[in-house]
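Student: Input file: structure28.cif. Contents: mmCIF, C-alpha atoms and all ligand atoms.
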```
data_structure
loop_
_atom_site.label_atom_id
_atom_site.label_comp_id
_atom_site.auth_asym_id
_atom_site.auth_seq_id
_atom_site.Cartn_x
_atom_site.Cartn_y
_atom_site.Cartn_z
CA MET A 8 119.66 135.30 119.49
CA ARG A 9 122.54 134.00 121.51
CA GLY A 10 120.84 130.67 122.06
CA LEU A 11 120.11 130.38 118.36
CA LEU A 12 123.72 131.12 117.45
CA ARG A 13 124.99 128.53 119.91
CA ALA A 14 122.57 125.98 118.48
CA THR A 15 123.87 126.73 115.00
CA VAL A 16 127.48 126.32 116.08
CA HIS A 17 126.55 123.05 117.79
CA GLU A 18 124.78 121.81 114.64
CA ALA A 19 127.75 122.72 112.46
CA ARG A 20 130.05 120.80 114.81
CA GLU A 21 127.78 117.77 114.78
CA HIS A 22 127.56 117.93 111.00
CA ASN A 23 131.36 118.03 110.74
CA GLU A 24 131.73 115.16 113.19
CA ARG A 25 129.33 112.99 111.21
CA LEU A 26 131.00 113.90 107.93
CA VAL A 27 134.50 113.12 109.21
CA LEU A 28 133.40 109.91 110.93
CA ALA A 29 131.57 108.72 107.80
CA THR A 30 134.62 109.51 105.64
CA ILE A 31 136.94 107.54 107.90
CA TYR A 32 134.46 104.64 108.14
CA ASP A 33 134.04 104.57 104.37
CA GLY A 34 137.75 104.96 103.67
CA GLY A 35 138.75 102.03 105.87
CA GLN A 36 142.24 103.46 106.46
CA ILE A 37 142.74 107.11 105.73
CA SER A 38 145.02 110.01 106.69
CA ARG A 39 143.87 113.37 108.07
CA ALA A 40 144.98 115.05 104.82
CA GLU A 41 142.81 112.68 102.75
CA VAL A 42 139.87 113.31 105.07
CA ALA A 43 140.32 117.06 104.53
CA ARG A 44 140.50 116.56 100.73
CA THR A 45 137.40 114.33 100.66
CA THR A 46 135.25 116.47 102.95
CA GLY A 47 136.42 119.92 101.87
CA LEU A 48 137.01 120.85 105.53
CA THR A 49 140.22 122.61 106.61
CA ARG A 50 143.11 120.56 108.05
CA THR A 51 142.64 122.36 111.39
CA THR A 52 138.92 121.51 111.58
CA VAL A 53 139.62 117.89 110.64
CA SER A 54 142.33 117.55 113.31
CA ASP A 55 140.08 119.12 115.91
CA VAL A 56 137.15 116.82 115.05
CA VAL A 57 139.38 113.73 114.84
CA ASP A 58 140.79 114.48 118.32
CA GLY A 59 137.25 114.54 119.71
CA LEU A 60 136.32 111.29 117.91
CA GLN A 61 139.48 109.62 119.24
CA ARG A 62 138.65 110.68 122.80
CA ALA A 63 135.18 109.15 122.31
CA GLY A 64 136.83 105.93 121.12
CA LEU A 65 135.14 106.10 117.71
CA VAL A 66 138.35 106.60 115.76
CA ALA A 67 141.76 104.95 116.28
CA THR A 68 145.18 105.36 114.68
CA ILE A 69 146.45 102.24 112.97
CA GLY A 70 150.04 103.07 112.03
CA ARG A 71 151.55 104.96 109.13
CA GLY A 72 150.76 104.86 105.44
CA PRO A 73 153.23 105.06 102.54
CA SER A 74 155.15 108.33 102.34
CA THR A 75 154.58 110.55 99.33
CA GLY A 76 157.84 112.46 99.80
CA GLY A 77 157.50 113.93 103.29
CA LYS A 78 156.72 112.26 106.59
CA ALA A 79 154.59 109.11 106.26
CA PRO A 80 151.00 110.03 107.23
CA ILE A 81 149.26 108.56 110.27
CA LEU A 82 146.30 106.43 109.21
CA LEU A 83 142.95 106.55 110.95
CA SER A 84 140.15 104.00 111.06
CA VAL A 85 136.84 103.35 112.79
CA PRO A 86 137.37 100.15 114.82
CA ASP A 87 134.69 97.54 114.03
CA ARG A 88 133.81 97.31 117.72
CA ALA A 89 134.10 101.00 118.62
CA ARG A 90 130.41 100.68 119.42
CA LEU A 91 128.22 97.59 119.37
CA LEU A 92 124.77 97.50 117.79
CA VAL A 93 121.79 95.46 118.92
CA GLY A 94 119.68 94.39 115.95
CA VAL A 95 116.27 92.79 116.53
CA ASP A 96 114.01 90.95 114.07
CA LEU A 97 110.52 90.34 115.46
CA GLY A 98 109.69 87.89 112.68
CA ASP A 99 106.57 85.81 112.07
CA ARG A 100 107.95 82.55 113.47
CA VAL A 101 110.93 83.59 115.59
CA PHE A 102 112.02 86.66 117.55
CA SER A 103 115.76 87.04 117.10
CA ALA A 104 118.28 89.57 118.31
CA ALA A 105 122.02 89.93 117.91
CA VAL A 106 125.02 91.96 118.93
CA VAL A 107 126.48 93.31 115.70
CA THR A 108 129.70 95.20 114.92
CA LEU A 109 129.83 98.46 112.97
CA ARG A 110 130.68 96.38 109.86
CA GLY A 111 127.64 94.14 110.17
CA GLU A 112 129.35 91.11 111.71
CA ILE A 113 127.15 89.19 114.15
CA ILE A 114 129.07 88.34 117.32
CA HIS A 115 126.32 86.98 119.55
CA ARG A 116 122.75 85.96 118.83
CA VAL A 117 119.60 84.73 120.57
CA ALA A 118 116.39 83.41 118.99
CA LEU A 119 113.11 82.49 120.70
CA PRO A 120 110.13 80.76 119.06
CA ALA A 121 107.29 83.26 118.70
CA GLU A 122 104.64 81.56 116.58
CA GLN A 123 102.10 81.12 119.38
CA THR A 124 102.38 84.53 121.06
CA ASP A 125 100.13 87.51 120.64
CA GLY A 126 99.35 90.92 122.19
CA GLU A 127 101.08 91.68 125.51
CA ASP A 128 102.70 88.25 125.69
CA SER A 129 104.50 88.98 122.45
CA VAL A 130 105.73 92.34 123.82
CA ARG A 131 107.11 90.52 126.89
CA LEU A 132 108.81 88.01 124.63
CA ALA A 133 110.36 90.83 122.60
CA LEU A 134 111.73 92.49 125.77
CA ASP A 135 113.02 89.10 126.87
CA VAL A 136 114.97 88.40 123.66
CA ILE A 137 116.41 91.94 123.66
CA GLY A 138 117.40 91.63 127.34
CA LYS A 139 119.32 88.44 126.64
CA VAL A 140 121.57 90.04 124.01
CA VAL A 141 121.95 93.37 125.84
CA SER A 142 123.28 91.55 128.90
CA ALA A 143 125.62 89.45 126.75
CA ALA A 144 127.13 92.48 124.95
CA ASN A 145 130.80 92.76 125.69
CA GLY A 146 131.52 96.40 124.84
CA PRO A 147 129.93 99.87 124.59
CA LEU A 148 126.38 99.62 123.18
CA LEU A 149 125.21 102.28 120.76
CA GLY A 150 121.53 101.37 121.11
CA ILE A 151 118.87 99.04 119.75
CA GLY A 152 117.38 98.82 116.25
CA ILE A 153 114.15 96.86 115.85
CA ALA A 154 112.38 95.51 112.78
CA ALA A 155 108.76 94.42 113.16
CA PRO A 156 106.04 93.58 110.66
CA GLY A 157 103.30 96.16 110.20
CA LEU A 158 102.83 99.87 109.80
CA ILE A 159 105.33 101.72 111.98
CA ASP A 160 105.82 105.39 112.85
CA THR A 161 109.60 105.48 112.46
CA THR A 162 109.86 108.90 114.10
CA ASP A 163 108.86 107.61 117.55
CA GLY A 164 108.87 103.82 117.17
CA THR A 165 105.10 103.34 117.54
CA VAL A 166 103.61 100.29 115.84
CA ILE A 167 100.50 101.85 114.32
CA GLN A 168 99.17 98.48 113.25
CA GLY A 169 100.80 95.06 113.46
CA VAL A 170 98.23 92.51 112.36
CA THR A 171 100.23 89.34 113.09
CA ARG A 172 100.58 90.19 116.82
CA SER A 173 97.34 92.20 117.21
CA TRP A 174 99.39 95.34 117.96
CA ARG A 175 97.64 98.70 117.64
CA GLN A 176 99.22 102.04 118.57
CA LEU A 177 101.86 100.13 120.54
CA PRO A 178 104.68 102.47 121.73
CA LEU A 179 107.28 99.73 121.18
CA GLY A 180 110.22 102.14 120.82
CA SER A 181 109.62 103.93 124.10
CA LEU A 182 108.84 100.67 125.97
CA VAL A 183 112.22 99.27 124.95
CA ALA A 184 114.05 102.57 125.51
CA ASP A 185 112.62 102.84 129.06
CA ARG A 186 113.57 99.27 129.88
CA PHE A 187 117.16 99.42 128.66
CA SER A 188 117.97 103.17 128.83
CA LEU A 189 119.40 103.12 125.31
CA PRO A 190 118.45 104.90 122.06
CA VAL A 191 115.90 102.78 120.15
CA TYR A 192 114.76 102.92 116.52
CA VAL A 193 111.95 100.89 114.99
CA ALA A 194 111.09 100.28 111.33
CA ASN A 195 109.09 97.67 109.51
CA ASP A 196 110.75 94.50 108.31
CA SER A 197 110.90 95.40 104.62
CA GLN A 198 112.29 98.85 105.33
CA ALA A 199 114.92 97.22 107.55
CA ALA A 200 115.72 94.71 104.81
CA ALA A 201 116.26 97.56 102.35
CA LEU A 202 118.57 99.35 104.77
CA GLY A 203 120.43 96.10 105.44
CA GLU A 204 121.18 95.69 101.73
CA HIS A 205 122.02 99.37 101.35
CA VAL A 206 124.37 99.65 104.34
CA PHE A 207 125.91 96.17 104.71
CA GLY A 208 125.05 94.45 101.43
CA SER A 209 126.84 94.13 98.13
CA VAL A 210 124.40 96.31 96.16
CA ARG A 211 125.98 99.75 96.29
CA ALA A 212 123.30 101.86 94.70
CA LEU A 213 121.69 105.18 95.59
CA ASN A 214 118.27 103.81 94.67
CA LEU A 215 117.17 100.34 95.64
CA VAL A 216 113.95 98.38 96.16
CA VAL A 217 113.95 95.29 98.37
CA ILE A 218 110.79 93.19 98.18
CA LYS A 219 110.25 90.80 101.04
CA VAL A 220 107.98 87.90 100.19
CA GLY A 221 106.76 85.54 102.89
CA VAL A 222 103.46 85.35 104.77
CA GLY A 223 103.13 89.02 103.86
CA ILE A 224 104.55 90.97 100.93
CA SER A 225 105.99 94.46 101.16
CA ALA A 226 108.76 96.54 99.69
CA GLY A 227 111.41 98.71 101.35
CA LEU A 228 112.46 101.70 99.28
CA ILE A 229 115.85 103.43 99.38
CA LEU A 230 115.59 106.59 97.29
CA ASN A 231 118.56 108.90 96.96
CA GLY A 232 120.40 106.99 99.67
CA GLN A 233 117.60 107.42 102.21
CA LEU A 234 114.85 105.16 103.45
CA PHE A 235 111.59 106.41 101.94
CA GLY A 236 108.51 105.96 104.14
CA GLY A 237 105.99 108.09 102.28
CA ASP A 238 103.65 110.55 103.95
CA GLY A 239 102.32 108.11 106.52
CA PHE A 240 105.12 105.46 106.77
CA GLY A 241 103.27 103.07 104.46
CA ALA A 242 105.38 103.38 101.28
CA GLY A 243 106.01 99.95 99.80
CA GLU A 244 102.94 98.25 101.31
CA ILE A 245 102.18 96.44 98.08
CA GLY A 246 100.82 93.21 99.61
CA HIS A 247 97.24 94.44 99.75
CA THR A 248 97.12 95.98 96.32
CA VAL A 249 94.18 94.28 94.63
CA MET A 250 95.35 92.36 91.56
CA ASP A 251 92.02 90.70 90.69
CA PRO A 252 88.85 91.56 92.66
CA SER A 253 87.16 88.37 91.46
CA ALA A 254 89.81 86.18 93.12
CA GLU A 255 90.15 84.79 96.66
CA ARG A 256 89.32 86.59 99.90
CA CYS A 257 92.35 88.13 101.65
CA ARG A 258 92.97 88.23 105.42
CA CYS A 259 92.53 92.04 105.17
CA GLY A 260 88.89 91.53 104.18
CA ARG A 261 89.11 92.37 100.49
CA TRP A 262 89.37 90.07 97.50
CA GLY A 263 92.31 89.29 95.27
CA CYS A 264 95.16 91.16 97.00
CA LEU A 265 98.72 90.44 95.83
CA GLU A 266 99.20 88.33 98.98
CA THR A 267 96.41 85.96 97.94
CA PHE A 268 98.46 85.10 94.82
CA ALA A 269 102.13 85.39 95.68
CA SER A 270 102.70 84.80 99.42
CA THR A 271 103.87 81.55 101.06
CA GLY A 272 100.30 81.03 102.29
CA ALA A 273 98.95 81.37 98.76
CA ILE A 274 101.27 78.77 97.24
CA LEU A 275 100.58 76.34 100.09
CA ALA A 276 96.81 76.72 99.71
CA ARG A 277 96.98 76.21 95.94
CA SER A 278 99.44 73.29 96.09
CA SER A 279 97.36 71.54 98.78
CA GLU A 280 94.22 71.97 96.69
CA LEU A 281 95.80 70.63 93.50
CA LEU A 282 97.66 67.77 95.22
CA GLY A 283 94.57 66.82 97.23
CA ARG A 284 96.46 66.80 100.56
CA PRO A 285 97.74 69.42 103.01
CA ILE A 286 101.36 70.37 102.43
CA THR A 287 103.82 72.29 104.66
CA PHE A 288 106.22 74.91 103.36
CA ASP A 289 109.24 72.63 103.83
CA GLU A 290 107.46 69.87 101.90
CA ALA A 291 106.60 72.31 99.13
CA VAL A 292 110.26 73.29 98.86
CA ALA A 293 111.32 69.63 98.75
CA GLU A 294 108.70 68.81 96.07
CA PHE A 295 109.76 71.85 94.05
CA GLU A 296 113.39 70.74 94.14
CA ARG A 297 112.37 67.22 93.17
CA GLY A 298 110.70 68.70 90.09
CA ASN A 299 107.05 68.14 91.10
CA SER A 300 105.23 69.74 88.18
CA VAL A 301 102.22 70.84 90.25
CA VAL A 302 104.32 72.74 92.82
CA ARG A 303 106.59 74.15 90.12
CA SER A 304 103.67 75.57 88.19
CA VAL A 305 102.07 76.98 91.37
CA VAL A 306 105.33 78.75 92.24
CA HIS A 307 105.66 80.00 88.67
CA ASP A 308 102.14 81.44 88.69
CA ALA A 309 102.75 83.12 92.07
CA ALA A 310 105.95 84.70 90.72
CA THR A 311 104.15 85.93 87.62
CA VAL A 312 101.55 87.87 89.63
CA LEU A 313 104.33 89.30 91.81
CA GLY A 314 106.12 90.35 88.62
CA VAL A 315 103.03 92.26 87.46
CA ALA A 316 103.14 94.28 90.70
CA VAL A 317 106.90 94.81 90.38
CA GLY A 318 106.42 96.04 86.79
CA GLY A 319 104.21 98.78 88.23
CA LEU A 320 106.95 99.77 90.67
CA ILE A 321 109.50 100.01 87.86
CA GLY A 322 107.22 102.31 85.90
CA LEU A 323 106.65 104.46 88.96
CA LEU A 324 110.19 104.74 90.30
CA HIS A 325 112.63 103.66 87.58
CA VAL A 326 114.87 102.11 90.23
CA ARG A 327 117.48 99.92 88.56
CA ARG A 328 118.16 97.55 91.43
CA ILE A 329 115.39 95.25 92.63
CA VAL A 330 116.35 92.75 95.32
CA LEU A 331 113.99 89.96 96.31
CA ALA A 332 114.19 88.47 99.79
CA GLY A 333 112.19 86.54 102.36
CA PRO A 334 111.08 82.87 102.60
CA MET A 335 109.86 82.64 98.96
CA ALA A 336 113.41 83.38 97.77
CA VAL A 337 114.23 79.76 98.61
CA PHE A 338 112.66 78.90 95.21
CA GLY A 339 115.70 80.58 93.69
CA ASP A 340 116.37 81.32 90.04
CA PRO A 341 113.19 79.78 88.55
CA TRP A 342 111.08 82.00 90.83
CA LEU A 343 113.28 85.06 90.26
CA GLY A 344 113.22 84.46 86.50
CA ALA A 345 109.42 84.33 86.39
CA VAL A 346 109.12 87.54 88.44
CA GLN A 347 111.59 89.22 86.12
CA THR A 348 109.88 88.07 82.91
CA ALA A 349 106.46 89.27 84.07
CA ALA A 350 107.81 92.58 85.38
CA ARG A 351 109.73 93.28 82.17
CA ALA A 352 106.70 92.45 80.06
CA ARG A 353 104.67 95.07 81.90
CA ALA A 354 107.03 98.02 82.18
CA LEU A 355 108.11 100.42 79.47
CA GLY A 356 110.84 98.65 77.48
CA VAL A 357 113.68 101.10 78.01
CA LEU A 358 113.04 101.16 81.76
CA ALA A 359 112.64 97.41 82.07
CA ASP A 360 115.84 96.66 80.10
CA ASP A 361 117.73 98.73 82.65
CA THR A 362 116.51 96.88 85.69
CA VAL A 363 118.64 94.28 87.46
CA PHE A 364 116.82 91.65 89.55
CA THR A 365 118.65 89.68 92.21
CA ILE A 366 117.90 87.55 95.24
CA SER A 367 119.48 88.85 98.45
CA LYS A 368 122.64 86.95 99.39
CA MET A 369 122.53 88.13 102.98
CA ASP A 370 121.54 85.82 105.83
CA ASP A 371 119.84 87.67 108.67
CA LEU A 372 119.03 90.55 106.31
CA VAL A 373 116.25 91.99 108.49
CA MET A 374 118.24 91.77 111.74
CA LEU A 375 121.28 93.40 110.13
CA GLY A 376 118.98 96.02 108.62
CA ALA A 377 117.64 96.82 112.09
CA SER A 378 121.27 97.34 113.23
CA ALA A 379 121.86 99.54 110.20
CA LEU A 380 118.77 101.60 111.11
CA LEU A 381 120.34 102.33 114.51
CA MET A 382 123.80 103.00 113.10
CA THR A 383 122.68 105.40 110.37
CA HIS A 384 120.54 107.39 112.81
CA GLU A 385 123.01 107.59 115.69
CA LEU A 386 126.29 107.93 113.81
CA GLY A 387 125.30 108.80 110.27
CA LEU A 388 127.40 105.88 109.01
CA GLN A 389 126.84 104.07 105.75
CA LEU A 390 129.03 102.98 102.93
CA ARG A 391 128.90 105.54 100.19
CA PRO A 392 127.47 104.11 97.00
CA SER A 393 129.89 104.07 94.10
CA MET A 394 127.89 105.38 91.19
ZN ZN B 1 94.63 92.09 101.46
#
```
Represent the supplied structure as structure tokens.

Tutor:
Amino acid sequence: MRGLLRATVHEAREHNERLVLATIYDGGQISRAEVARTTGLTRTTVSDVVDGLQRAGLVATIGRGPSTGGKAPILLSVPDRARLLVGVDLGDRVFSAAVVTLRGEIIHRVALPAEQTDGEDSVRLALDVIGKVVSAANGPLLGIGIAAPGLIDTTDGTVIQGVTRSWRQLPLGSLVADRFSLPVYVANDSQAAALGEHVFGSVRALNLVVIKVGVGISAGLILNGQLFGGDGFGAGEIGHTVMDPSAERCRCGRWGCLETFASTGAILARSSELLGRPITFDEAVAEFERGNSVVRSVVHDAATVLGVAVGGLIGLLHVRRIVLAGPMAVFGDPWLGAVQTAARARALGVLADDTVFTISKMDDLVMLGASALLMTHELGLQLRPSM
């Protein structure tokens, strides 16, 4: 019984610490009295918790605010560099990692080409890129957040299946934690992108879907302010939903998956076929911008099929904010518009009219999302959505 009671007291203290820290972080500059008002905790508890956070260097005083009659209150803030985050994006072409502040500012970055690596070599390359930024960090590190493509057990950081690197049951989280003796969190790239928008982005919404469209297609879901992984971490894996079983063979072995219509690979294959010559992604972008009617119609068709899938998501979740990201977003408003038109045409009118589609404005969305994954887990920090 005694042990249980102590654990409960400890949990209550940790809860209060997270609540107070989050309130100060969110408030920017805030007095102890305001913290007490916002959290509903007593002034004594707030002072006690703030003292502990100050000793840990997580909270600092930044002078006095305007007086409201009595003594001017001391203002508190969470310094941007109270802890530093390492965010890692193990992308398809490049492995990149960065040292990031608690406000999502990148202060040092490293990127290594990764297109030709596979299996164990790619794990070594990942450890290498992480090691370079860890050793360059100039301040107290909170830990490491990693985003990788594939199906990932976010509770222990195991990559259940990562097709692009031939990873299967790879304990990536514990490999990295053992090497660097820091807390490590791993999520898939679309989940990280969703957290990046939610924590550091401009979309302040409790519910949010971020769809990342590149070589693969998947969605990250923020529901009720939390990353939603589903029962087996695969929520949002829409890329291999079959759209037309009579269409092309997919790399997963089936026919007519969403990826065979709407991915970068799909538009390159179709453009090459129609133009009668092989075309690279950069060339396709250049031709699109030049107004090449073949490439424009290929991109439009790809967006339309994506929109059909997104329409299904709207019907299922009724999430008002849909953010599109990834390499295909370079096709900008014409692509976004076609996705939106197709999605709206296929969802119930009142739901569809409500939905706002945007393209992410954040560079390094996945890497920042990986940092956000670490920060939300370790400190419980995120900007509170204004609803
Ligand atoms: Zn497939």

Student: Ligand ZN 1 (chain B): which residues are within 7 Å, counting all atoms listed in the file? Reply as a list in words.

Tutor: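 The residues near ligand ZN 1 (chain B) are Gly246, His247, Thr248, Cys257, Arg258, Cys259, Gly260, Arg261, Trp262, Cys264 and Glu266 of chain A.
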
Student: Convert the current residue selection to file output with C-alpha atoms, as a CSV table (one decimal), in the coordinates of the input.

Tutor:
```csv
chain,number,residue,atom,x,y,z
A,246,GLY,CA,100.8,93.2,99.6
A,247,HIS,CA,97.2,94.4,99.8
A,248,THR,CA,97.1,96.0,96.3
A,257,CYS,CA,92.4,88.1,101.6
A,258,ARG,CA,93.0,88.2,105.4
A,259,CYS,CA,92.5,92.0,105.2
A,260,GLY,CA,88.9,91.5,104.2
A,261,ARG,CA,89.1,92.4,100.5
A,262,TRP,CA,89.4,90.1,97.5
A,264,CYS,CA,95.2,91.2,97.0
A,266,GLU,CA,99.2,88.3,99.0
```

Student: Just give me the gap between atom CA of Val357 of chain A and atom CA of Val317 of chain A in Å, one decimal is fine.

Tutor: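 According to the coordinates, atom CA of Val357 of chain A and atom CA of Val317 of chain A are separated by 15.4 Å.
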
Student: Determine the nearest neighbour of Thr348 of chain A from the options A:Asp125, A:Asp371, A:Glu41, A:Asp308, counting only C-alpha atoms.

Tutor: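 That would be A:Asp308, the residue with the smallest distance to Thr348 of chain A.
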
Student: Which is closest to Gly203 of chain A among A:Leu381, A:Arg25, A:Met374, A:Glu255, if we use all atoms listed in the file?

Tutor: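 Closest to Gly203 of chain A, using all atoms listed in the file: A:Met374.
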
Student: Show me, as a list in words, the residues that have an atom within 12 Å of Asp370 of chain A when counting all atoms listed in the file, minus same-chain residues fewer than 4 positions from it.

Tutor: Gly111, Glu112, Ile113, Ala200, Gly203, Glu204, Phe207, Gly208, Ala332, Gly333, Pro334, Ala336, Val337, Ile366, Met374, Leu375 and Gly376 of chain A
